[in-house]
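What follows is the content of query22.cif, which has mmCIF, C-alpha atoms, pLDDT in the B column; chains and numbers go by the auth columns:
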data_data
#
loop_
_atom_site.group_PDB
_atom_site.id
_atom_site.type_symbol
_atom_site.label_atom_id
_atom_site.label_comp_id
_atom_site.label_asym_id
_atom_site.label_seq_id
_atom_site.Cartn_x
_atom_site.Cartn_y
_atom_site.Cartn_z
_atom_site.B_iso_or_equiv
_atom_site.auth_seq_id
_atom_site.auth_asym_id
ATOM 1 C CA MET A 1 83.076 140.128 61.316 75.00 28 A
ATOM 2 C CA SER A 2 83.927 137.906 58.350 95.00 29 A
ATOM 3 C CA LEU A 3 84.426 134.200 59.104 98.00 30 A
ATOM 4 C CA CYS A 4 86.634 131.970 56.960 98.00 31 A
ATOM 5 C CA ALA A 5 86.518 128.185 57.351 98.00 32 A
ATOM 6 C CA ILE A 6 89.837 126.537 56.535 98.00 33 A
ATOM 7 C CA ILE A 7 90.139 122.873 55.609 98.00 34 A
ATOM 8 C CA PRO A 8 93.710 121.526 55.551 97.00 35 A
ATOM 9 C CA ILE A 9 93.884 118.228 53.689 95.00 36 A
ATOM 10 C CA LYS A 10 96.584 115.742 52.799 91.00 37 A
ATOM 11 C CA PRO A 11 96.837 114.247 49.297 92.00 38 A
ATOM 12 C CA LEU A 12 93.781 112.081 48.719 92.00 39 A
ATOM 13 C CA ARG A 13 95.839 108.981 47.951 86.00 40 A
ATOM 14 C CA ARG A 14 98.062 109.373 50.992 84.00 41 A
ATOM 15 C CA GLY A 15 95.607 110.437 53.672 81.00 42 A
ATOM 16 C CA LYS A 16 94.358 108.002 56.329 83.00 43 A
ATOM 17 C CA SER A 17 97.444 105.805 56.016 85.00 44 A
ATOM 18 C CA ARG A 18 96.732 104.267 59.421 87.00 45 A
ATOM 19 C CA LEU A 19 93.710 102.582 57.843 87.00 46 A
ATOM 20 C CA SER A 20 95.953 100.640 55.441 87.00 47 A
ATOM 21 C CA SER A 21 95.297 97.397 57.329 88.00 48 A
ATOM 22 C CA VAL A 22 91.565 97.572 56.520 84.00 49 A
ATOM 23 C CA LEU A 23 91.406 99.652 53.315 86.00 50 A
ATOM 24 C CA SER A 24 93.403 99.530 50.088 88.00 51 A
ATOM 25 C CA GLU A 25 95.007 102.683 48.715 90.00 52 A
ATOM 26 C CA ASP A 26 92.197 103.068 46.163 89.00 53 A
ATOM 27 C CA LYS A 27 89.539 102.761 48.841 87.00 54 A
ATOM 28 C CA ARG A 28 91.352 105.185 51.127 89.00 55 A
ATOM 29 C CA GLU A 29 91.379 107.658 48.255 91.00 56 A
ATOM 30 C CA GLY A 30 87.635 107.149 47.807 89.00 57 A
ATOM 31 C CA LEU A 31 87.121 107.636 51.526 88.00 58 A
ATOM 32 C CA ASN A 32 89.121 110.872 51.517 92.00 59 A
ATOM 33 C CA LYS A 33 87.083 112.178 48.575 92.00 60 A
ATOM 34 C CA PHE A 34 83.913 111.384 50.485 88.00 61 A
ATOM 35 C CA LEU A 35 85.153 113.123 53.631 92.00 62 A
ATOM 36 C CA LEU A 36 86.241 116.264 51.782 95.00 63 A
ATOM 37 C CA THR A 37 83.032 116.388 49.733 94.00 64 A
ATOM 38 C CA SER A 38 80.740 115.930 52.723 92.00 65 A
ATOM 39 C CA THR A 39 82.653 118.542 54.728 96.00 66 A
ATOM 40 C CA LEU A 40 82.401 121.079 51.902 97.00 67 A
ATOM 41 C CA GLN A 41 78.694 120.367 51.429 95.00 68 A
ATOM 42 C CA CYS A 42 78.070 120.927 55.114 95.00 69 A
ATOM 43 C CA LEU A 43 80.064 124.174 55.256 97.00 70 A
ATOM 44 C CA ARG A 44 78.290 125.606 52.208 96.00 71 A
ATOM 45 C CA LYS A 45 74.956 125.417 54.010 96.00 72 A
ATOM 46 C CA ILE A 46 76.061 127.709 56.839 97.00 73 A
ATOM 47 C CA ASN A 47 75.272 131.349 56.069 97.00 74 A
ATOM 48 C CA LYS A 48 77.475 132.513 58.924 97.00 75 A
ATOM 49 C CA ILE A 49 80.541 131.215 57.063 98.00 76 A
ATOM 50 C CA ASP A 50 81.613 133.864 54.572 98.00 77 A
ATOM 51 C CA HIS A 51 84.476 132.016 52.894 98.00 78 A
ATOM 52 C CA ILE A 52 85.663 128.421 52.592 98.00 79 A
ATOM 53 C CA LEU A 53 89.340 127.854 51.923 98.00 80 A
ATOM 54 C CA VAL A 54 91.037 124.514 51.252 98.00 81 A
ATOM 55 C CA ILE A 55 94.799 124.150 51.471 98.00 82 A
ATOM 56 C CA SER A 56 96.647 121.132 50.106 97.00 83 A
ATOM 57 C CA TYR A 57 99.470 120.210 47.771 94.00 84 A
ATOM 58 C CA ASP A 58 97.175 117.734 46.004 95.00 85 A
ATOM 59 C CA PRO A 59 95.824 119.312 42.772 95.00 86 A
ATOM 60 C CA THR A 60 92.997 116.756 42.705 95.00 87 A
ATOM 61 C CA ALA A 61 91.796 117.805 46.150 96.00 88 A
ATOM 62 C CA LEU A 62 91.973 121.475 45.188 97.00 89 A
ATOM 63 C CA THR A 63 90.057 120.877 41.948 97.00 90 A
ATOM 64 C CA LEU A 64 87.352 119.081 43.909 96.00 91 A
ATOM 65 C CA ALA A 65 87.194 121.949 46.405 97.00 92 A
ATOM 66 C CA ARG A 66 86.721 124.519 43.651 97.00 93 A
ATOM 67 C CA LYS A 67 83.730 122.579 42.339 96.00 94 A
ATOM 68 C CA PHE A 68 82.045 123.441 45.623 96.00 95 A
ATOM 69 C CA GLY A 69 82.932 127.116 45.374 96.00 96 A
ATOM 70 C CA ALA A 70 85.819 126.995 47.837 98.00 97 A
ATOM 71 C CA ARG A 71 88.927 129.116 47.487 98.00 98 A
ATOM 72 C CA THR A 72 92.121 127.097 47.302 98.00 99 A
ATOM 73 C CA VAL A 73 95.765 127.453 48.268 97.00 100 A
ATOM 74 C CA LEU A 74 98.462 125.178 46.881 96.00 101 A
ATOM 75 C CA GLU A 75 100.827 124.147 49.637 94.00 102 A
ATOM 76 C CA ASN A 76 104.432 122.990 49.346 88.00 103 A
ATOM 77 C CA ARG A 77 105.054 119.243 49.358 84.00 104 A
ATOM 78 C CA ASN A 78 107.184 119.199 52.523 83.00 105 A
ATOM 79 C CA THR A 79 105.006 120.856 55.111 87.00 106 A
ATOM 80 C CA ASN A 80 102.950 120.144 58.216 93.00 107 A
ATOM 81 C CA ILE A 81 99.503 121.159 59.363 95.00 108 A
ATOM 82 C CA ASN A 82 100.636 124.193 61.353 97.00 109 A
ATOM 83 C CA ARG A 83 102.661 125.661 58.490 96.00 110 A
ATOM 84 C CA ALA A 84 99.806 124.938 56.101 96.00 111 A
ATOM 85 C CA LEU A 85 97.333 126.720 58.366 98.00 112 A
ATOM 86 C CA ARG A 86 99.610 129.745 58.685 97.00 113 A
ATOM 87 C CA LYS A 87 99.808 129.992 54.897 97.00 114 A
ATOM 88 C CA ALA A 88 96.037 129.577 54.552 98.00 115 A
ATOM 89 C CA THR A 89 95.484 132.257 57.190 98.00 116 A
ATOM 90 C CA LEU A 90 97.493 134.746 55.157 97.00 117 A
ATOM 91 C CA ALA A 91 95.140 134.037 52.248 97.00 118 A
ATOM 92 C CA ALA A 92 92.140 134.473 54.545 98.00 119 A
ATOM 93 C CA LYS A 93 93.439 137.834 55.732 97.00 120 A
ATOM 94 C CA ALA A 94 93.889 138.900 52.092 97.00 121 A
ATOM 95 C CA ILE A 95 90.142 138.452 51.537 96.00 122 A
ATOM 96 C CA LYS A 96 89.393 140.511 54.665 96.00 123 A
ATOM 97 C CA SER A 97 88.465 137.643 56.972 97.00 124 A
ATOM 98 C CA SER A 98 88.619 138.513 60.656 97.00 125 A
ATOM 99 C CA LYS A 99 87.871 135.111 62.211 97.00 126 A
ATOM 100 C CA ILE A 100 89.124 131.617 61.395 98.00 127 A
ATOM 101 C CA LEU A 101 87.390 128.277 61.833 98.00 128 A
ATOM 102 C CA VAL A 102 89.698 125.293 61.318 98.00 129 A
ATOM 103 C CA VAL A 103 87.656 122.293 60.152 98.00 130 A
ATOM 104 C CA PRO A 104 89.567 119.037 59.622 95.00 131 A
ATOM 105 C CA ALA A 105 88.154 116.837 56.865 93.00 132 A
ATOM 106 C CA ASP A 106 88.065 113.707 59.010 90.00 133 A
ATOM 107 C CA LEU A 107 84.872 114.339 60.977 92.00 134 A
ATOM 108 C CA PRO A 108 82.467 111.978 59.188 89.00 135 A
ATOM 109 C CA LEU A 109 79.542 112.664 61.543 90.00 136 A
ATOM 110 C CA LEU A 110 79.710 116.446 61.067 93.00 137 A
ATOM 111 C CA THR A 111 76.340 118.205 60.697 93.00 138 A
ATOM 112 C CA GLU A 112 75.123 121.758 60.181 96.00 139 A
ATOM 113 C CA ASP A 113 73.927 121.878 63.790 96.00 140 A
ATOM 114 C CA ASP A 114 77.405 120.887 64.976 96.00 141 A
ATOM 115 C CA LEU A 115 79.010 123.708 63.008 97.00 142 A
ATOM 116 C CA LEU A 116 76.478 126.232 64.236 97.00 143 A
ATOM 117 C CA SER A 117 77.004 125.119 67.825 97.00 144 A
ATOM 118 C CA VAL A 118 80.660 126.102 67.524 98.00 145 A
ATOM 119 C CA ILE A 119 80.109 129.316 65.591 98.00 146 A
ATOM 120 C CA ASP A 120 77.336 130.496 67.906 97.00 147 A
ATOM 121 C CA GLU A 121 79.669 130.213 70.907 96.00 148 A
ATOM 122 C CA SER A 122 81.743 133.019 69.404 95.00 149 A
ATOM 123 C CA GLY A 123 81.129 136.652 70.207 92.00 150 A
ATOM 124 C CA ASP A 124 83.469 137.809 72.954 89.00 151 A
ATOM 125 C CA PRO A 125 86.889 138.528 71.416 95.00 152 A
ATOM 126 C CA PRO A 126 89.679 137.935 71.916 98.00 153 A
ATOM 127 C CA GLU A 127 88.613 134.320 72.173 98.00 154 A
ATOM 128 C CA ILE A 128 88.925 130.764 71.025 98.00 155 A
ATOM 129 C CA VAL A 129 86.185 128.173 70.709 98.00 156 A
ATOM 130 C CA ILE A 130 87.763 124.731 70.849 98.00 157 A
ATOM 131 C CA VAL A 131 86.395 121.238 70.285 98.00 158 A
ATOM 132 C CA PRO A 132 88.298 118.323 71.849 97.00 159 A
ATOM 133 C CA ASP A 133 88.512 114.804 70.519 94.00 160 A
ATOM 134 C CA ARG A 134 87.158 111.835 72.467 90.00 161 A
ATOM 135 C CA LYS A 135 90.358 111.495 74.493 90.00 162 A
ATOM 136 C CA MET A 136 90.448 115.211 75.337 94.00 163 A
ATOM 137 C CA SER A 137 93.936 115.339 73.833 94.00 164 A
ATOM 138 C CA GLY A 138 93.532 116.492 70.228 95.00 165 A
ATOM 139 C CA THR A 139 91.779 119.521 68.726 97.00 166 A
ATOM 140 C CA ASN A 140 88.964 118.545 66.357 97.00 167 A
ATOM 141 C CA MET A 141 87.821 122.082 65.553 98.00 168 A
ATOM 142 C CA LEU A 142 89.145 125.510 66.451 98.00 169 A
ATOM 143 C CA LEU A 143 87.651 128.980 66.051 98.00 170 A
ATOM 144 C CA ILE A 144 90.041 131.897 66.558 98.00 171 A
ATOM 145 C CA ASN A 145 88.666 135.426 66.951 98.00 172 A
ATOM 146 C CA PRO A 146 90.331 137.609 65.869 98.00 173 A
ATOM 147 C CA ILE A 147 92.813 136.067 63.459 97.00 174 A
ATOM 148 C CA GLY A 148 96.177 135.686 65.141 96.00 175 A
ATOM 149 C CA ALA A 149 94.841 135.661 68.714 97.00 176 A
ATOM 150 C CA ILE A 150 96.757 132.409 69.246 98.00 177 A
ATOM 151 C CA LYS A 151 99.212 130.411 67.161 98.00 178 A
ATOM 152 C CA TYR A 152 98.322 127.063 65.650 98.00 179 A
ATOM 153 C CA ASP A 153 99.723 124.179 67.682 97.00 180 A
ATOM 154 C CA PHE A 154 98.120 121.081 66.198 96.00 181 A
ATOM 155 C CA GLY A 155 99.746 117.757 66.941 92.00 182 A
ATOM 156 C CA GLU A 156 100.149 115.690 70.082 92.00 183 A
ATOM 157 C CA TRP A 157 98.196 117.134 73.047 96.00 184 A
ATOM 158 C CA SER A 158 97.049 120.075 70.946 97.00 185 A
ATOM 159 C CA PHE A 159 93.851 120.554 72.964 98.00 186 A
ATOM 160 C CA ARG A 160 95.791 121.336 76.128 97.00 187 A
ATOM 161 C CA LYS A 161 98.448 123.326 74.266 98.00 188 A
ATOM 162 C CA HIS A 162 95.876 125.597 72.610 98.00 189 A
ATOM 163 C CA ILE A 163 94.121 126.184 75.933 98.00 190 A
ATOM 164 C CA GLU A 164 97.361 126.887 77.799 98.00 191 A
ATOM 165 C CA GLN A 165 98.407 129.363 75.141 98.00 192 A
ATOM 166 C CA ALA A 166 95.058 131.170 75.385 98.00 193 A
ATOM 167 C CA GLU A 167 95.310 131.229 79.176 98.00 194 A
ATOM 168 C CA ARG A 168 98.786 132.798 79.026 98.00 195 A
ATOM 169 C CA LYS A 169 97.459 135.496 76.697 97.00 196 A
ATOM 170 C CA LYS A 170 94.320 136.023 78.816 97.00 197 A
ATOM 171 C CA ILE A 171 92.081 135.109 75.902 97.00 198 A
ATOM 172 C CA ASN A 172 88.520 133.912 76.490 98.00 199 A
ATOM 173 C CA ILE A 173 88.185 130.139 76.142 98.00 200 A
ATOM 174 C CA LYS A 174 85.000 128.295 75.269 98.00 201 A
ATOM 175 C CA ILE A 175 85.053 124.508 75.118 97.00 202 A
ATOM 176 C CA CYS A 176 82.394 122.954 72.894 97.00 203 A
ATOM 177 C CA ASN A 177 81.743 119.272 73.503 95.00 204 A
ATOM 178 C CA ARG A 178 79.715 117.579 70.762 93.00 205 A
ATOM 179 C CA SER A 179 79.667 113.818 70.265 91.00 206 A
ATOM 180 C CA ASN A 180 79.644 114.116 66.459 91.00 207 A
ATOM 181 C CA LEU A 181 82.628 116.442 66.523 95.00 208 A
ATOM 182 C CA SER A 182 84.602 114.359 68.989 93.00 209 A
ATOM 183 C CA PHE A 183 84.629 111.411 66.580 91.00 210 A
ATOM 184 C CA ASP A 184 87.486 111.690 64.099 88.00 211 A
ATOM 185 C CA LEU A 185 88.290 108.887 61.690 86.00 212 A
ATOM 186 C CA ASP A 186 91.832 107.748 62.290 85.00 213 A
ATOM 187 C CA LEU A 187 92.233 104.132 63.400 86.00 214 A
ATOM 188 C CA PRO A 188 90.818 100.792 62.151 88.00 215 A
ATOM 189 C CA GLU A 189 88.409 100.618 65.087 88.00 216 A
ATOM 190 C CA ASP A 190 87.075 104.052 64.102 85.00 217 A
ATOM 191 C CA TRP A 191 86.487 102.746 60.594 84.00 218 A
ATOM 192 C CA GLU A 192 84.586 99.680 61.850 83.00 219 A
ATOM 193 C CA PHE A 193 82.319 101.900 63.956 81.00 220 A
ATOM 194 C CA LEU A 194 81.676 104.288 61.050 78.00 221 A
ATOM 195 C CA LYS A 195 81.078 101.478 58.552 75.00 222 A
ATOM 196 C CA THR A 196 78.494 99.858 60.794 75.00 223 A
ATOM 197 C CA SER A 197 76.783 103.190 61.434 70.00 224 A
ATOM 198 C CA MET A 198 76.455 103.956 57.736 66.00 225 A
ATOM 199 C CA ILE A 199 75.302 100.487 56.713 55.00 226 A
ATOM 200 C CA ASP A 200 72.585 100.672 59.388 58.00 227 A
ATOM 201 C CA ASN A 201 71.479 104.129 58.171 55.00 228 A
ATOM 202 C CA ALA A 202 68.629 103.591 55.705 46.00 229 A
ATOM 203 C CA ASN A 203 68.968 107.160 54.403 46.00 230 A
ATOM 204 C CA PHE A 204 72.624 106.768 53.479 51.00 231 A
ATOM 205 C CA ASP A 205 73.054 106.703 49.703 51.00 232 A
ATOM 206 C CA ASN A 206 76.361 108.458 48.935 58.00 233 A
ATOM 207 C CA GLN A 207 77.752 106.649 45.886 57.00 234 A
ATOM 208 C CA ILE A 208 81.430 107.295 46.655 52.00 235 A
ATOM 209 C CA MET A 209 81.122 105.953 50.174 60.00 236 A
ATOM 210 C CA GLN A 210 79.070 102.971 49.053 59.00 237 A
ATOM 211 C CA GLU A 211 81.958 101.998 46.769 59.00 238 A
ATOM 212 C CA VAL A 212 84.359 102.205 49.711 62.00 239 A
ATOM 213 C CA LEU A 213 82.071 100.052 51.865 55.00 240 A
ATOM 214 C CA ILE A 214 81.774 97.267 49.296 52.00 241 A
#

Starting from the coordinates I provided, produce the structure as structure tokens.
Amino acid sequence: MSLCAIIPIKPLRRGKSRLSSVLSEDKREGLNKFLLTSTLQCLRKINKIDHILVISYDPTALTLARKFGARTVLENRNTNINRALRKATLAAKAIKSSKILVVPADLPLLTEDDLLSVIDESGDPPEIVIVPDRKMSGTNMLLINPIGAIKYDFGEWSFRKHIEQAERKKINIKICNRSNLSFDLDLPEDWEFLKTSMIDNANFDNQIMQEVLI
């Protein structure tokens, strides 16, 4: 069973717009580069992931992804996350992937152990393994086995919508609660928490992120 991790990402200069009150456009771009880079680095270390695929209509983001050995798909400018994921899934099927792991690039606390905790829950298809956000409303990670078992329904209340869809189709559901995965960077208060955490971490030395913090 071949597993493809898909990262959908907005243009680096436009992503995280809700942080505009605390970060300039240049610093938000630096933050988005850091998030994409750290996500790719983490995914590359997992042997159980056979392919990494990044979809975006930002050529800069796609060029960065290719530097880490990821496959890339150029998306249309006027799209949304669900359409982008459907297009990326077609590309994943073309390279013979049978399972999909959707990994948003806004999980700054993501670790290898977190990824493995989700992947290792899989094994009883048809199934989904789903990770909720802190409010139990959004979907912060989603494994679908096999491809096409459910449709993507990211957006408001996506956690419940994905579960309800799986229940209607009598698909096995596994909920994976991990504190690192439940934290997604979205609002100014999220940024303040993350900034403090990284400044207090003596082992943190990522140059891109240090420039954002200054």

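Atom CA of A:Gly42 to atom CA of A:Val156 spans 26.3 Å [interatomic distance, one decimal].
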
Inset, instruction - Let me know the residues the PyMOL selection byres ((chain A and resi 128) around 10) catches in the file above, as an NGL selection string. - result: :A and (30-34 or 76 or 79 or 126-127 or 129-131 or 142 or 145-146 or 155-157 or 168-172 or 174)

Inset, instruction - Apply the PyMOL selection byres ((chain A and resi 214) around 12) to the file shown and report the selected residues as a PyMOL selection string. - result: chain A and resi 43-50+133+210-213+215-221

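The shell of residues at most 9 Å from stretch 195-207 of chain A, with only C-alpha atoms counted and near chain neighbours (fewer than 3 positions) removed, consists of Leu134, Pro135, Leu136, Leu137, Thr138, Asp141, Ser144, Val145, Glu148, Ser149, Asp151, Pro152, Pro153, Glu154, Ile155, Val156, Ile157, Val158, Pro159, Asp160, Arg161, Ala176, Ile177, Ile190, Glu191, Gln192, Phe210 and Asp211 of chain A.
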
Resulting file, chosen residues, C-alpha atoms, as a PDB file, keeping the file's coordinate frame:
ATOM      1  CA  LEU A 134      84.872 114.339  60.977  1.00 92.00           C
ATOM      2  CA  PRO A 135      82.467 111.978  59.188  1.00 89.00           C
ATOM      3  CA  LEU A 136      79.542 112.664  61.543  1.00 90.00           C
ATOM      4  CA  LEU A 137      79.710 116.446  61.067  1.00 93.00           C
ATOM      5  CA  THR A 138      76.340 118.205  60.697  1.00 93.00           C
ATOM      6  CA  ASP A 141      77.405 120.887  64.976  1.00 96.00           C
ATOM      7  CA  SER A 144      77.004 125.119  67.825  1.00 97.00           C
ATOM      8  CA  VAL A 145      80.660 126.102  67.524  1.00 98.00           C
ATOM      9  CA  GLU A 148      79.669 130.213  70.907  1.00 96.00           C
ATOM     10  CA  SER A 149      81.743 133.019  69.404  1.00 95.00           C
ATOM     11  CA  ASP A 151      83.469 137.809  72.954  1.00 89.00           C
ATOM     12  CA  PRO A 152      86.889 138.528  71.416  1.00 95.00           C
ATOM     13  CA  PRO A 153      89.679 137.935  71.916  1.00 98.00           C
ATOM     14  CA  GLU A 154      88.613 134.320  72.173  1.00 98.00           C
ATOM     15  CA  ILE A 155      88.925 130.764  71.025  1.00 98.00           C
ATOM     16  CA  VAL A 156      86.185 128.173  70.709  1.00 98.00           C
ATOM     17  CA  ILE A 157      87.763 124.731  70.849  1.00 98.00           C
ATOM     18  CA  VAL A 158      86.395 121.238  70.285  1.00 98.00           C
ATOM     19  CA  PRO A 159      88.298 118.323  71.849  1.00 97.00           C
ATOM     20  CA  ASP A 160      88.512 114.804  70.519  1.00 94.00           C
ATOM     21  CA  ARG A 161      87.158 111.835  72.467  1.00 90.00           C
ATOM     22  CA  ALA A 176      94.841 135.661  68.714  1.00 97.00           C
ATOM     23  CA  ILE A 177      96.757 132.409  69.246  1.00 98.00           C
ATOM     24  CA  ILE A 190      94.121 126.184  75.933  1.00 98.00           C
ATOM     25  CA  GLU A 191      97.361 126.887  77.799  1.00 98.00           C
ATOM     26  CA  GLN A 192      98.407 129.363  75.141  1.00 98.00           C
ATOM     27  CA  PHE A 210      84.629 111.411  66.580  1.00 91.00           C
ATOM     28  CA  ASP A 211      87.486 111.690  64.099  1.00 88.00           C
TER      29      ASP A 211
END

Inset, instruction - Tell me, in Å to one decimal, how far atom CA of A:Ala193 is from atom CA of A:Leu63. - result: 29.3 Å

Legend entry - Expansion of the PyMOL selection byres ((chain A and resi 110) around 12) into residues, as a PyMOL selection string: chain A and resi 35+82-83+102-109+111-117+178-182

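If you measure from each of A:Lys60, A:His189, A:Lys162, A:Arg40 to A:Ala92 using only C-alpha atoms, the closest one turns out to be A:Lys60.
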
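The space between atom CA of A:Lys123 and atom CA of A:Asp77 spans 10.2 Å.
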
Might I get the box with edges along x, y and z of the file that holds all atoms of stretch 80-97 of chain A listed there, padded by 5 Å on every side, given as centre and edge lengths in Å to one decimal, as AutoDock Vina command-line options?
--center_x 90.8 --center_y 122.3 --center_z 46.9 --size_x 27.4 --size_y 21.1 --size_z 20.0

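Compared by their closest atoms to A:Pro86, and using all atoms listed in the file, the residues A:Ala119, A:Ile73, A:Leu39, A:Ala132 rank with A:Leu39 nearest.
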
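Of the residues listed (A:Pro173, A:Pro38, A:Leu62, A:Leu143), A:Leu143 shows the shortest atom-to-atom separation from A:Asn74; distances use only C-alpha atoms.
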
Because the input lacks atoms here, generate all heavy atoms for stretch 100-108 of chain A and report them as a short mmCIF file (atom, residue, chain, number, x, y, z; two decimals), in the frame of the given file.
data_model
loop_
_atom_site.label_atom_id
_atom_site.label_comp_id
_atom_site.auth_asym_id
_atom_site.auth_seq_id
_atom_site.Cartn_x
_atom_site.Cartn_y
_atom_site.Cartn_z
N VAL A 100 94.36 127.06 48.14
CA VAL A 100 95.76 127.45 48.27
C VAL A 100 96.62 126.21 48.06
O VAL A 100 96.40 125.19 48.72
CB VAL A 100 96.06 128.06 49.65
CG1 VAL A 100 97.55 128.39 49.77
CG2 VAL A 100 95.22 129.31 49.88
N LEU A 101 97.56 126.29 47.13
CA LEU A 101 98.46 125.18 46.88
C LEU A 101 99.62 125.25 47.87
O LEU A 101 100.34 126.25 47.93
CB LEU A 101 98.98 125.24 45.44
CG LEU A 101 99.98 124.14 45.04
CD1 LEU A 101 99.32 122.76 45.11
CD2 LEU A 101 100.51 124.41 43.63
N GLU A 102 99.78 124.20 48.63
CA GLU A 102 100.83 124.15 49.64
C GLU A 102 102.06 123.44 49.09
O GLU A 102 102.00 122.71 48.10
CB GLU A 102 100.30 123.42 50.89
CG GLU A 102 101.28 123.29 52.04
CD GLU A 102 101.86 124.60 52.55
OE1 GLU A 102 102.44 125.34 51.74
OE2 GLU A 102 101.74 124.86 53.75
N ASN A 103 103.21 123.68 49.72
CA ASN A 103 104.43 122.99 49.35
C ASN A 103 104.34 121.52 49.75
O ASN A 103 103.62 121.15 50.68
CB ASN A 103 105.63 123.63 50.04
CG ASN A 103 105.82 125.08 49.65
OD1 ASN A 103 105.60 125.44 48.50
ND2 ASN A 103 106.22 125.91 50.59
N ARG A 104 105.10 120.67 49.09
CA ARG A 104 105.05 119.24 49.36
C ARG A 104 105.52 118.92 50.79
O ARG A 104 104.91 118.14 51.49
CB ARG A 104 105.92 118.49 48.34
CG ARG A 104 105.94 116.98 48.54
CD ARG A 104 106.71 116.30 47.43
NE ARG A 104 106.03 116.45 46.15
CZ ARG A 104 105.08 115.64 45.71
NH1 ARG A 104 104.71 114.60 46.45
NH2 ARG A 104 104.52 115.83 44.54
N ASN A 105 106.63 119.49 51.19
CA ASN A 105 107.18 119.20 52.52
C ASN A 105 106.69 120.23 53.53
O ASN A 105 107.28 121.30 53.69
CB ASN A 105 108.71 119.19 52.46
CG ASN A 105 109.24 118.11 51.56
OD1 ASN A 105 108.76 116.97 51.59
ND2 ASN A 105 110.21 118.43 50.72
N THR A 106 105.61 119.91 54.18
CA THR A 106 105.01 120.86 55.11
C THR A 106 104.39 120.08 56.27
O THR A 106 104.51 118.87 56.36
CB THR A 106 103.95 121.72 54.41
OG1 THR A 106 103.53 122.77 55.28
CG2 THR A 106 102.75 120.90 53.98
N ASN A 107 103.75 120.79 57.17
CA ASN A 107 102.95 120.14 58.22
C ASN A 107 101.69 120.98 58.41
O ASN A 107 101.54 122.05 57.82
CB ASN A 107 103.75 119.99 59.52
CG ASN A 107 104.20 121.32 60.09
OD1 ASN A 107 103.46 122.31 60.10
ND2 ASN A 107 105.43 121.38 60.59
N ILE A 108 100.81 120.50 59.25
CA ILE A 108 99.50 121.16 59.36
C ILE A 108 99.62 122.59 59.88
O ILE A 108 98.91 123.48 59.42
CB ILE A 108 98.54 120.33 60.23
CG1 ILE A 108 97.13 120.97 60.21
CG2 ILE A 108 99.07 120.17 61.65
CD1 ILE A 108 96.07 120.14 60.88
#
